Structure formats: C-alpha cells, structure tokens
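K.L.:
Following this line is run.pdb, made up of PDB, C-alpha atoms:
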MODEL        1
ATOM      1  CA  MET A   1      96.864  48.602  89.650
ATOM      2  CA  LYS A   2      94.997  49.754  86.548
ATOM      3  CA  LEU A   3      92.163  51.032  88.751
ATOM      4  CA  LEU A   4      94.602  53.010  90.924
ATOM      5  CA  LYS A   5      96.240  54.489  87.818
ATOM      6  CA  TYR A   6      92.810  55.488  86.493
ATOM      7  CA  ILE A   7      91.906  57.217  89.773
ATOM      8  CA  PHE A   8      95.135  59.239  89.770
ATOM      9  CA  LEU A   9      94.660  60.203  86.119
ATOM     10  CA  SER A  10      91.034  61.242  86.643
ATOM     11  CA  THR A  11      91.938  63.265  89.730
ATOM     12  CA  GLY A  12      94.724  65.020  87.836
ATOM     13  CA  ILE A  13      92.450  65.964  84.956
ATOM     14  CA  ALA A  14      89.795  67.282  87.356
ATOM     15  CA  PHE A  15      92.389  69.336  89.226
ATOM     16  CA  VAL A  16      93.738  70.881  86.015
ATOM     17  CA  SER A  17      90.210  71.689  84.833
ATOM     18  CA  PHE A  18      89.345  73.281  88.181
ATOM     19  CA  SER A  19      92.557  75.323  88.211
ATOM     20  CA  SER A  20      91.973  76.573  84.674
ATOM     21  CA  SER A  21      88.498  77.817  85.532
ATOM     22  CA  VAL A  22      89.467  79.537  88.772
ATOM     23  CA  LEU A  23      92.866  80.987  87.958
ATOM     24  CA  ALA A  24      93.129  83.661  85.301
ATOM     25  CA  ASP A  25      95.711  85.738  83.547
ATOM     26  CA  TRP A  26      94.853  88.809  81.504
ATOM     27  CA  THR A  27      96.858  90.789  78.964
ATOM     28  CA  LEU A  28      96.156  94.410  78.066
ATOM     29  CA  SER A  29      95.064  95.019  74.481
ATOM     30  CA  PRO A  30      96.779  98.291  73.464
ATOM     31  CA  THR A  31      94.649  98.854  70.367
ATOM     32  CA  ASP A  32      91.422  98.725  72.394
ATOM     33  CA  SER A  33      92.699 100.654  75.425
ATOM     34  CA  ASN A  34      93.009 104.365  76.020
ATOM     35  CA  ILE A  35      94.769 106.507  78.618
ATOM     36  CA  ASN A  36      94.093 110.204  78.201
ATOM     37  CA  PHE A  37      94.885 113.319  80.191
ATOM     38  CA  MET A  38      93.606 116.876  80.140
ATOM     39  CA  SER A  39      95.559 120.100  80.153
ATOM     40  CA  VAL A  40      94.101 123.479  81.055
ATOM     41  CA  LYS A  41      95.826 126.559  79.694
ATOM     42  CA  ASN A  42      95.102 130.210  80.468
ATOM     43  CA  ALA A  43      92.605 128.983  83.096
ATOM     44  CA  ALA A  44      89.964 128.458  80.427
ATOM     45  CA  VAL A  45      91.036 126.249  77.521
ATOM     46  CA  THR A  46      90.875 122.488  78.137
ATOM     47  CA  GLU A  47      92.441 120.011  75.734
ATOM     48  CA  VAL A  48      92.503 116.212  75.799
ATOM     49  CA  HIS A  49      95.661 114.265  74.946
ATOM     50  CA  GLN A  50      96.484 110.574  74.981
ATOM     51  CA  PHE A  51      99.224 107.967  74.977
ATOM     52  CA  ARG A  52      99.200 105.662  71.958
ATOM     53  CA  ASN A  53     101.342 102.840  73.324
ATOM     54  CA  VAL A  54     100.425 101.077  76.559
ATOM     55  CA  SER A  55     100.990  97.511  77.711
ATOM     56  CA  GLY A  56     100.180  95.532  80.809
ATOM     57  CA  SER A  57      98.855  92.441  82.513
ATOM     58  CA  VAL A  58      96.966  91.087  85.505
ATOM     59  CA  THR A  59      98.311  87.820  86.925
ATOM     60  CA  ASP A  60      96.304  85.062  88.579
ATOM     61  CA  ASN A  61      97.673  86.368  91.901
ATOM     62  CA  GLY A  62      96.094  89.773  91.236
ATOM     63  CA  ASP A  63      99.331  91.612  90.458
ATOM     64  CA  VAL A  64      98.681  94.452  88.023
ATOM     65  CA  LYS A  65     101.440  95.984  85.903
ATOM     66  CA  ILE A  66     100.835  98.668  83.289
ATOM     67  CA  SER A  67     103.520 100.461  81.280
ATOM     68  CA  ILE A  68     102.928 103.738  79.448
ATOM     69  CA  ASP A  69     105.293 104.686  76.634
ATOM     70  CA  LEU A  70     105.686 108.423  77.196
ATOM     71  CA  THR A  71     107.236 108.862  73.753
ATOM     72  CA  SER A  72     103.822 107.933  72.325
ATOM     73  CA  VAL A  73     102.131 111.064  73.686
ATOM     74  CA  ASP A  74      99.638 112.406  71.146
ATOM     75  CA  THR A  75      98.301 115.951  71.471
ATOM     76  CA  ALA A  76      97.263 116.224  67.795
ATOM     77  CA  ILE A  77     100.026 118.823  67.281
ATOM     78  CA  SER A  78     103.432 117.340  66.434
ATOM     79  CA  ILE A  79     105.552 120.221  67.729
ATOM     80  CA  ARG A  80     103.677 120.093  71.036
ATOM     81  CA  ASP A  81     104.254 116.339  71.187
ATOM     82  CA  ASP A  82     107.990 116.944  70.798
ATOM     83  CA  ARG A  83     107.991 119.660  73.448
ATOM     84  CA  MET A  84     106.172 117.450  75.936
ATOM     85  CA  LYS A  85     108.616 114.610  75.321
ATOM     86  CA  GLU A  86     111.693 116.801  75.654
ATOM     87  CA  MET A  87     110.686 119.490  78.150
ATOM     88  CA  LEU A  88     108.012 117.852  80.314
ATOM     89  CA  PHE A  89     108.507 114.087  80.460
ATOM     90  CA  GLU A  90     112.216 114.172  79.540
ATOM     91  CA  THR A  91     111.811 110.888  77.709
ATOM     92  CA  GLY A  92     115.536 110.649  77.054
ATOM     93  CA  LEU A  93     115.888 109.925  80.781
ATOM     94  CA  PHE A  94     112.410 108.653  81.676
ATOM     95  CA  PRO A  95     110.817 107.027  78.612
ATOM     96  CA  VAL A  96     108.230 104.965  80.496
ATOM     97  CA  ALA A  97     105.742 105.479  83.328
ATOM     98  CA  THR A  98     104.688 102.363  85.230
ATOM     99  CA  LEU A  99     101.658 101.570  87.344
ATOM    100  CA  SER A 100     101.504  98.665  89.779
ATOM    101  CA  ALA A 101      98.706  97.430  92.022
ATOM    102  CA  THR A 102      97.161  94.339  93.582
ATOM    103  CA  VAL A 103      93.518  93.397  93.002
ATOM    104  CA  ASP A 104      91.192  90.533  93.943
ATOM    105  CA  SER A 105      91.692  88.207  90.977
ATOM    106  CA  ASP A 106      89.088  85.728  92.272
ATOM    107  CA  ALA A 107      86.399  88.414  92.132
ATOM    108  CA  LEU A 108      87.490  89.388  88.620
ATOM    109  CA  SER A 109      87.479  85.760  87.456
ATOM    110  CA  GLY A 110      83.914  85.366  88.707
ATOM    111  CA  LEU A 111      82.643  88.391  86.777
ATOM    112  CA  SER A 112      80.356  87.083  84.036
ATOM    113  CA  ALA A 113      79.833  88.832  80.707
ATOM    114  CA  GLY A 114      77.808  92.029  81.075
ATOM    115  CA  LYS A 115      78.164  92.207  84.847
ATOM    116  CA  THR A 116      79.912  95.188  86.436
ATOM    117  CA  MET A 117      81.769  95.712  89.669
ATOM    118  CA  PRO A 118      83.040  98.985  91.180
ATOM    119  CA  ILE A 119      86.437  98.845  92.849
ATOM    120  CA  GLU A 120      88.603 101.329  94.687
ATOM    121  CA  ALA A 121      92.188 100.488  93.833
ATOM    122  CA  GLU A 122      95.366 101.835  95.360
ATOM    123  CA  PHE A 123      98.269 101.864  92.946
ATOM    124  CA  ASP A 124     101.865 103.016  92.746
ATOM    125  CA  LEU A 125     102.677 105.369  89.888
ATOM    126  CA  ASP A 126     106.336 105.587  88.920
ATOM    127  CA  LEU A 127     106.744 108.679  86.752
ATOM    128  CA  HIS A 128     109.706 110.933  85.981
ATOM    129  CA  GLY A 129     111.848 109.148  88.560
ATOM    130  CA  LYS A 130     109.337 109.671  91.371
ATOM    131  CA  LYS A 131     106.843 107.242  92.871
ATOM    132  CA  GLN A 132     103.505 108.110  94.483
ATOM    133  CA  LEU A 133     100.687 106.025  95.983
ATOM    134  CA  LEU A 134      97.374 107.040  94.413
ATOM    135  CA  THR A 135      93.761 105.849  94.475
ATOM    136  CA  ALA A 136      91.441 105.204  91.539
ATOM    137  CA  ASN A 137      87.695 104.571  91.492
ATOM    138  CA  LEU A 138      87.108 102.092  88.687
ATOM    139  CA  GLN A 139      84.292 100.111  87.135
ATOM    140  CA  VAL A 140      85.134  96.636  85.866
ATOM    141  CA  THR A 141      82.858  94.969  83.320
ATOM    142  CA  GLY A 142      83.011  91.288  82.436
ATOM    143  CA  LEU A 143      83.273  90.516  78.724
ATOM    144  CA  GLU A 144      82.825  87.454  76.543
ATOM    145  CA  ASN A 145      85.601  84.866  76.703
ATOM    146  CA  GLY A 146      86.611  86.054  80.173
ATOM    147  CA  GLY A 147      87.857  89.486  79.115
ATOM    148  CA  LEU A 148      87.621  92.588  81.306
ATOM    149  CA  LEU A 149      86.888  96.235  80.542
ATOM    150  CA  VAL A 150      88.144  98.719  83.139
ATOM    151  CA  ASN A 151      86.902 102.328  83.106
ATOM    152  CA  SER A 152      87.680 105.159  85.490
ATOM    153  CA  ILE A 153      84.533 106.331  87.286
ATOM    154  CA  ASN A 154      86.134 109.621  88.263
ATOM    155  CA  SER A 155      89.193 111.317  86.826
ATOM    156  CA  ILE A 156      92.449 110.401  88.542
ATOM    157  CA  VAL A 157      94.074 113.738  89.357
ATOM    158  CA  ILE A 158      97.856 113.783  89.044
ATOM    159  CA  ASP A 159      99.756 116.546  90.847
ATOM    160  CA  SER A 160     102.645 117.341  88.506
ATOM    161  CA  THR A 161     104.650 118.910  91.333
ATOM    162  CA  ALA A 162     104.734 115.560  93.171
ATOM    163  CA  PHE A 163     106.589 114.084  90.195
ATOM    164  CA  LYS A 164     108.894 117.076  89.683
ATOM    165  CA  LEU A 165     107.140 117.931  86.438
ATOM    166  CA  ASP A 166     106.296 121.499  87.436
ATOM    167  CA  GLY A 167     109.552 122.789  85.940
ATOM    168  CA  GLY A 168     108.589 121.235  82.629
ATOM    169  CA  VAL A 169     105.119 122.753  82.870
ATOM    170  CA  ALA A 170     106.693 126.181  83.403
ATOM    171  CA  ALA A 171     108.995 125.632  80.415
ATOM    172  CA  LEU A 172     106.053 124.696  78.195
ATOM    173  CA  GLN A 173     104.140 127.741  79.390
ATOM    174  CA  LYS A 174     107.056 129.994  78.519
ATOM    175  CA  VAL A 175     107.778 128.566  75.065
ATOM    176  CA  ALA A 176     104.075 128.645  74.131
ATOM    177  CA  LYS A 177     103.721 132.188  75.530
ATOM    178  CA  LEU A 178     100.805 131.272  77.765
ATOM    179  CA  ASN A 179      99.639 132.989  80.932
ATOM    180  CA  SER A 180      99.215 129.690  82.775
ATOM    181  CA  ILE A 181      99.095 125.899  82.534
ATOM    182  CA  ALA A 182      97.398 124.017  85.367
ATOM    183  CA  THR A 183      99.698 121.730  87.354
ATOM    184  CA  SER A 184      96.851 119.374  88.375
ATOM    185  CA  VAL A 185      96.156 116.960  85.539
ATOM    186  CA  PRO A 186      92.983 114.806  85.313
ATOM    187  CA  VAL A 187      93.598 111.359  83.821
ATOM    188  CA  ASN A 188      90.981 108.912  82.550
ATOM    189  CA  VAL A 189      91.446 105.308  81.515
ATOM    190  CA  GLN A 190      89.666 102.706  79.454
ATOM    191  CA  LEU A 191      91.575  99.430  79.607
ATOM    192  CA  PHE A 192      90.624  96.240  77.796
ATOM    193  CA  PHE A 193      92.158  93.034  79.121
ATOM    194  CA  MET A 194      92.026  89.769  77.192
ATOM    195  CA  LYS A 195      92.056  86.528  79.130
ATOM    196  CA  LYS A 196      94.988  84.286  78.324
ATOM    197  CA  ASN A 197      94.182  80.766  77.217
TER
ENDMDL
END
Please express what this file holds, its structure, as structure tokens.
P.N.:
Amino acid sequence: MKLLKYIFLSTGIAFVSFSSSVLADWTLSPTDSNINFMSVKNAAVTEVHQFRNVSGSVTDNGDVKISIDLTSVDTAISIRDDRMKEMLFETGLFPVATLSATVDSDALSGLSAGKTMPIEAEFDLDLHGKKQLLTANLQVTGLENGGLLVNSINSIVIDSTAFKLDGGVAALQKVAKLNSIATSVPVNVQLFFMKKN
C-alpha cells in the first residue's frame, strides 16, 4: 500500500513539473513596452507619438489580449493630446483599443534566451467601435527567465477610415490649420512579456 501511494505521489510530482515547464503564461510589462504611431502633416512633416499605458497577456493556450489606454496618448504637446482624445479617439465613448490574436504558445515556450523567431500574426483590432482583421510581421526574442520581447519587423499600417476616424482627422486638420494630415497611420510595437511563475 505504501509502495502504491509512493508511485502515485511520484507520478503526480513529475506531471506537475512537466506541465510547469511546457505550459506558460506571460504578462505584458507596461514600463518596458512601447506602442508608437506616426502622423504625417502637410505631406512632409512626420512626427512620432506613443501610448503610455498598455496592458496585456498571453495565455498557455496562445490567446493574446492587449489593451491600449487611448487617454494615455502622448504627442509631447499637451493641447494636441487633448485634441486627439476629444476629436479623434473620442475617449469619452471609446477609451480603450483592444487587440486579440492566437499564437503558437508551444513554440514561444521553447524559445531560449537570445534566440529569435519571426512570426506573421493575424489579429483583431477593436478601435473606435469598429473591428478589423489585420496582419503583423513580428520578431520574437527569448529572454532570461522565460520572458519574451516582441518587435514589429515592418510598420503596421492602420487605415483611419476603416475605423471611422477620418472625421476626427479632418477636425484636427481644421483646428490646427493644416493643409493635410495623412489618413494612413504606421504603427510600431515593442512589447516585453514577463513569464508568470
């Protein structure tokens, strides 16, 4: 009886150890991550802006969820921040943009520190009350302690008209007395995920 109990206990410990090494959960580190976007005004002047507050996770099933606090937009000019919040994103109605995707978590779990892996990921972007399926070319780098660093290889181009943001773009153009503001917006990401213990 004692032998049987020992076998069950040993098997249970081995199973838990195996599961812990194979399955993984990651949490986005907002202080180490960056999502920025570029605006082009008067067909010549390019400026880079960013969102200060982002959160997210990758589950052991490969489900990716990222939330972007649109009220945290930072253009380095406070009045322009306020205009973007009120006139473009309409944060009173749509304070958050969300991204969701599914990735191969087994491949990510097997990525050792310093090793990289390119992936082409389809994701749903829910922004301004509209949802679009987009594609991103990303490079994932394994970090110490099982962490992951995700960088965009190419800019992800967002068509503002697809999210009904073109009216806000026109309003910004008018209030700033500009000749034009491009409606196609390149976005780049650097996302640092910490492995949960």
K.L.:
What is the CA of Gly110 in chain A to CA of Leu134 in chain A distance in Å?
P.N.:
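Those two atoms sit 26.1 Å apart.
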K.L.:
Between CA of Asp81 in chain A and CA of Lys164 in chain A, measure the distance and give it in Å to one decimal.
P.N.:
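Rounded to one decimal, the two atoms are 19.1 Å apart.
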K.L.:
Return as a PyMOL selection string the set of residues that the PyMOL selection byres ((chain A and resi 171-180) around 8) yields on the displayed structure.
P.N.:
chain A and resi 41-43+83-84+87-88+167-170+181-182
K.L.:
Using all atoms listed in the file, can you tell me which of A:Lys130, A:Ser155, A:Lys196, A:Trp26 comes closest to Phe94 in chain A?
P.N.:
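Residue with the minimum atom-to-atom distance to Phe94 in chain A: A:Lys130.
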K.L.:
Hey, can you check how far CA of Lys85 in chain A sits from CA of Phe37 in chain A?
P.N.:
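Pair CA of Lys85 in chain A / CA of Phe37 in chain A returns 14.6 Å.
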K.L.:
Translate the PyMOL selection byres ((chain A and resi 51) around 12), as applied to the file shown, into an explicit residue set as a PyMOL selection string.
P.N.:
chain A and resi 30-31+33-38+48-50+52-55+67-76+81+84-85+96-97+187-190
K.L.:
For range 34-43 of chain A, take all atoms listed in the file, fit an axis-aligned box around them, add 6 Å to each of the six sides, then output centre and edge lengths in Å rounded to one decimal, as AutoDock Vina command-line options.
P.N.:
--center_x 94.2 --center_y 117.3 --center_z 79.6 --size_x 15.2 --size_y 37.8 --size_z 19.1
K.L.:
Can you tell me, as a ChimeraX atom specification, which residues sit within 12 Å of (100.4, 112.0, 90.2) in the file's frame, using all atoms listed in the file?
P.N.:
/A:37,97-99,123-136,155-166,183-187
